[in-house]
file my_file_3.cif (mmCIF, C-alpha atoms)
data_protein
#
loop_
_atom_site.label_atom_id
_atom_site.label_comp_id
_atom_site.auth_asym_id
_atom_site.auth_seq_id
_atom_site.Cartn_x
_atom_site.Cartn_y
_atom_site.Cartn_z
CA VAL A 1 2.52 -20.25 24.01
CA ARG A 2 3.03 -21.78 20.58
CA ALA A 3 5.71 -21.68 17.88
CA VAL A 4 4.37 -20.82 14.45
CA ASN A 5 6.32 -20.95 11.20
CA GLN A 6 4.82 -18.71 8.53
CA HIS A 7 6.06 -16.72 5.55
CA HIS A 8 9.77 -17.46 6.22
CA HIS A 9 9.49 -16.35 9.86
CA ALA A 10 9.48 -18.38 13.03
CA ARG A 11 7.46 -16.70 15.73
CA LEU A 12 6.80 -17.59 19.33
CA VAL A 13 3.43 -16.11 20.19
CA ARG A 14 1.19 -15.96 23.23
CA TYR A 15 -2.56 -15.66 22.77
CA LEU A 16 -4.20 -12.88 24.73
CA GLY A 17 -7.66 -14.37 24.76
CA GLN A 18 -9.54 -16.54 22.30
CA PRO A 19 -8.64 -17.36 18.70
CA GLY A 20 -9.56 -14.38 16.57
CA GLY A 21 -8.29 -12.08 19.33
CA GLU A 22 -5.03 -10.32 19.96
CA ILE A 23 -1.61 -11.93 20.07
CA GLU A 24 1.68 -10.94 21.59
CA VAL A 25 4.86 -11.73 19.68
CA ILE A 26 7.30 -13.01 22.30
CA ALA A 27 10.19 -13.76 19.96
CA GLU A 28 10.66 -13.47 16.24
CA GLN A 29 13.41 -14.90 14.09
CA GLY A 30 13.37 -14.70 10.33
CA LEU A 31 15.05 -13.74 7.11
CA VAL A 32 14.22 -10.06 7.52
CA GLY A 33 13.95 -7.81 10.55
CA PRO A 34 10.77 -7.26 12.52
CA GLU A 35 8.04 -5.80 10.34
CA ARG A 36 4.46 -4.79 10.92
CA HIS A 37 2.17 -7.44 9.52
CA GLU A 38 -1.52 -8.06 9.82
CA ARG A 39 -2.00 -11.32 11.69
CA GLN A 40 -5.12 -13.30 12.19
CA ILE A 41 -5.75 -16.20 14.55
CA ALA A 42 -7.95 -18.83 12.95
CA ARG A 43 -10.30 -21.19 14.75
CA ASP A 44 -7.59 -23.86 14.61
CA GLY A 45 -5.45 -21.66 16.87
CA LEU A 46 -2.79 -20.97 14.23
CA VAL A 47 -1.62 -17.48 13.30
CA TYR A 48 -1.97 -16.69 9.61
CA TYR A 49 -0.20 -13.94 7.72
CA VAL A 50 -2.78 -11.84 5.87
CA GLY A 51 -0.71 -8.97 4.50
CA ARG A 52 1.39 -6.02 5.49
CA ALA A 53 0.07 -3.30 7.77
CA ASP A 54 2.32 -0.67 6.20
CA SER A 55 2.41 0.60 2.64
CA GLN A 56 5.42 -1.27 1.30
CA ILE A 57 4.90 -3.23 -1.92
CA LYS A 58 7.05 -5.23 -4.27
CA SER A 59 6.73 -4.21 -7.90
CA ARG A 60 8.92 -5.32 -10.79
CA GLY A 61 11.38 -6.83 -8.32
CA TYR A 62 11.78 -3.65 -6.24
CA ARG A 63 10.58 -3.01 -2.71
CA ILE A 64 8.76 0.31 -2.77
CA GLU A 65 7.43 2.40 0.10
CA LEU A 66 4.34 4.20 -1.22
CA GLY A 67 4.81 6.93 1.39
CA GLU A 68 8.08 7.93 -0.29
CA ILE A 69 6.23 8.49 -3.55
CA GLU A 70 3.59 10.59 -1.76
CA THR A 71 6.28 12.67 -0.07
CA ALA A 72 7.93 13.39 -3.43
CA LEU A 73 4.53 14.17 -4.97
CA HIS A 74 3.70 16.72 -2.25
CA SER A 75 7.19 18.25 -2.47
CA LEU A 76 6.32 19.39 -6.01
CA GLY A 77 3.99 21.96 -4.42
CA ARG A 78 1.43 21.68 -7.20
CA LEU A 79 -1.30 19.67 -5.45
CA ARG A 80 -3.93 20.38 -2.81
CA GLU A 81 -4.14 16.64 -2.03
CA GLY A 82 -2.52 13.49 -3.30
CA ALA A 83 -2.48 9.81 -2.41
CA VAL A 84 -0.61 6.83 -3.79
CA VAL A 85 -2.08 3.33 -3.64
CA ALA A 86 -1.20 0.00 -5.21
CA ILE A 87 -3.50 -2.50 -6.87
CA PRO A 88 -2.68 -6.05 -7.97
CA SER A 89 -1.21 -6.27 -11.43
CA GLU A 90 -2.39 -8.78 -13.98
CA GLY A 91 1.15 -9.21 -15.25
CA PHE A 92 4.44 -10.22 -13.69
CA GLU A 93 4.94 -6.81 -12.04
CA GLY A 94 3.17 -7.74 -8.80
CA TRP A 95 1.53 -4.37 -8.11
CA THR A 96 0.53 -1.34 -10.16
CA ILE A 97 1.24 2.02 -8.54
CA CYS A 98 -1.67 4.46 -8.82
CA CYS A 99 -1.89 8.16 -7.95
CA ALA A 100 -5.07 10.05 -7.04
CA TYR A 101 -4.65 13.81 -6.90
CA VAL A 102 -6.38 17.16 -6.49
CA PRO A 103 -4.59 20.02 -8.31
CA ALA A 104 -3.82 23.18 -6.32
CA ALA A 105 -4.72 25.50 -9.21
CA GLU A 106 -7.97 25.71 -11.17
CA GLU A 107 -6.30 24.92 -14.50
CA GLY A 108 -4.75 21.98 -12.75
CA GLU A 109 -1.96 19.61 -13.41
CA THR A 110 -1.90 16.80 -15.90
CA PRO A 111 -0.62 13.32 -15.14
CA GLU A 112 2.15 13.96 -17.68
CA SER A 113 3.40 17.09 -15.88
CA LEU A 114 3.24 15.40 -12.47
CA ARG A 115 5.05 12.35 -13.82
CA ARG A 116 7.82 14.58 -15.25
CA GLY A 117 8.15 16.30 -11.88
CA LEU A 118 8.34 12.99 -10.03
CA ALA A 119 10.82 11.60 -12.56
CA ALA A 120 13.29 14.27 -11.43
CA LEU A 121 12.98 13.02 -7.83
CA LEU A 122 12.40 9.27 -8.04
CA PRO A 123 13.71 6.29 -10.01
CA ALA A 124 11.53 5.16 -12.93
CA TYR A 125 10.32 2.02 -11.14
CA MET A 126 8.67 4.18 -8.46
CA LEU A 127 6.62 6.33 -10.86
CA PRO A 128 2.84 5.76 -10.79
CA ALA A 129 1.52 3.98 -13.86
CA ARG A 130 -2.11 5.07 -13.40
CA TRP A 131 -3.47 8.49 -12.50
CA ARG A 132 -6.87 9.84 -11.52
CA ARG A 133 -7.85 13.47 -10.94
CA TYR A 134 -10.40 14.34 -8.24
CA ASP A 135 -12.10 17.54 -7.07
CA ALA A 136 -11.57 16.19 -3.52
CA LEU A 137 -10.16 12.88 -2.39
CA PRO A 138 -12.64 10.58 -0.63
CA LYS A 139 -12.41 10.62 3.17
CA ASN A 140 -13.34 8.01 5.77
CA ASP A 141 -15.26 8.69 8.99
CA ASN A 142 -12.06 9.88 10.68
CA GLY A 143 -11.41 12.48 7.97
CA LYS A 144 -8.45 10.59 6.54
CA ILE A 145 -8.03 9.75 2.86
CA ASP A 146 -10.02 6.58 2.16
CA ARG A 147 -7.42 4.44 0.43
CA THR A 148 -9.77 1.47 0.19
CA LEU A 149 -12.18 3.52 -1.94
CA LEU A 150 -9.29 4.78 -4.07
CA LYS A 151 -8.07 1.23 -4.69
CA GLY A 152 -11.59 0.23 -5.67
CA ALA A 153 -11.84 3.16 -8.08
CA PHE A 154 -8.56 2.18 -9.77
CA LEU A 155 -9.57 -1.48 -9.91
CA GLY A 156 -12.96 -0.55 -11.42
CA ALA A 157 -11.32 1.73 -13.99
CA GLY A 158 -8.98 -1.11 -14.97
CA ARG A 159 -11.91 -3.47 -15.55
CA GLN A 160 -13.64 -0.84 -17.67
CA LEU A 161 -10.50 -0.35 -19.76
CA ALA A 162 -10.13 -4.11 -20.25
CA ALA A 163 -13.76 -4.50 -21.40
#

call {"tool": "encode", "arguments": {"input": "my_file_3.cif", "output": "structure tokens"}}
result
Amino acid sequence: VRAVNQHHHARLVRYLGQPGGEIEVIAEQGLVGPERHERQIARDGLVYYVGRADSQIKSRGYRIELGEIETALHSLGRLREGAVVAIPSEGFEGWTICCAYVPAAEEGETPESLRRGLAALLPAYMLPARWRRYDALPKNDNGKIDRTLLKGAFLGAGRQLAA
């Protein structure tokens, strides 16, 4: 059992095996309530924070749950599929919100029409800044939307635009 202070949280953890393995959080005390985080045990035996396991981001000073944006997007009823991901911003914003979508109709939706629809449901700071239309969203081996590939596509498109 070891006390670890990381990212404004004090945690008492018990290792369930070797470093690099699983941990059990025995007690947690911090500035915010318990959250799901990705943790990693290094060879030195310390637990390191490596990012959130959920889809909450901080952009332009606001905490944003990407799932809320997806829910609003699907409530428009104009898409067959849609996914919202965030990529690191080069500016002060923190993260850029990106939307990948598959229109329900052949003529399809435009990013402008989807953005107008979302603007009626969400505050401006939650609106995606980048959009990408697909015939079908990429899937992983489990048949779920492959968000890692989507992030890569938005990051690659950003590099192309900057070039």

call {"tool": "closest_residue", "arguments": {"input": "my_file_3.cif", "among": "A:Cys98, A:Leu137, A:Ala105, A:Leu121", "to": "Glu81 of chain A", "atoms": "all atoms listed in the file"}}
result
A:Leu137

call {"tool": "atom_distance", "arguments": {"input": "my_file_3.cif", "atom1": "atom CA of Phe154 of chain A", "atom2": "atom CA of Leu76 of chain A"}}
result
23.1 Å

call {"tool": "closest_residue", "arguments": {"input": "my_file_3.cif", "among": "A:Ile57, A:Val85, A:Arg78, A:Gly108", "to": "Ile145 of chain A", "atoms": "all atoms listed in the file"}}
result
A:Val85

call {"tool": "closest_residue", "arguments": {"input": "my_file_3.cif", "among": "A:Leu73, A:Arg116, A:Tyr134, A:Cys99", "to": "Ile87 of chain A", "atoms": "only C-alpha atoms"}}
result
A:Cys99

call {"tool": "atom_distance", "arguments": {"input": "my_file_3.cif", "atom1": "atom CA of Lys139 of chain A", "atom2": "atom CA of Thr110 of chain A"}}
result
22.6 Å

call {"tool": "closest_residue", "arguments": {"input": "my_file_3.cif", "among": "A:Ala129, A:Ala136, A:Leu118, A:Ala124", "to": "Pro103 of chain A", "atoms": "all atoms listed in the file"}}
result
A:Ala136

call {"tool": "atom_distance", "arguments": {"input": "my_file_3.cif", "atom1": "atom CA of Tyr101 of chain A", "atom2": "atom CA of Ile64 of chain A"}}
result
19.5 Å

call {"tool": "closest_residue", "arguments": {"input": "my_file_3.cif", "among": "A:Gly117, A:Gly61, A:Pro111, A:Gly143", "to": "His74 of chain A", "atoms": "all atoms listed in the file"}}
result
A:Gly117

call {"tool": "closest_residue", "arguments": {"input": "my_file_3.cif", "among": "A:Ser59, A:Asn140, A:Ser113, A:Thr148", "to": "Ser89 of chain A", "atoms": "all atoms listed in the file"}}
result
A:Ser59

call {"tool": "residues_around", "arguments": {"input": "my_file_3.cif", "residues": "Gly82 of chain A", "least_positions_apart": "5", "cutoff": "7 Å", "atoms": "all atoms listed in the file", "output": "list in words"}}
result
Glu70, Ala100, Tyr101 and Val102 of chain A

call {"tool": "residues_around", "arguments": {"input": "my_file_3.cif", "residues": "Met126 of chain A", "least_positions_apart": "4", "cutoff": "8 Å", "atoms": "all atoms listed in the file", "output": "mmCIF file with C-alpha atoms, in the coordinates of the input"}}
result
data_model
loop_
_atom_site.group_PDB
_atom_site.id
_atom_site.type_symbol
_atom_site.label_atom_id
_atom_site.label_comp_id
_atom_site.auth_asym_id
_atom_site.auth_seq_id
_atom_site.Cartn_x
_atom_site.Cartn_y
_atom_site.Cartn_z
ATOM 1 C CA ILE A 64 8.760 0.310 -2.770
ATOM 2 C CA ILE A 69 6.230 8.490 -3.550
ATOM 3 C CA ILE A 97 1.240 2.020 -8.540
ATOM 4 C CA LEU A 122 12.400 9.270 -8.040
#
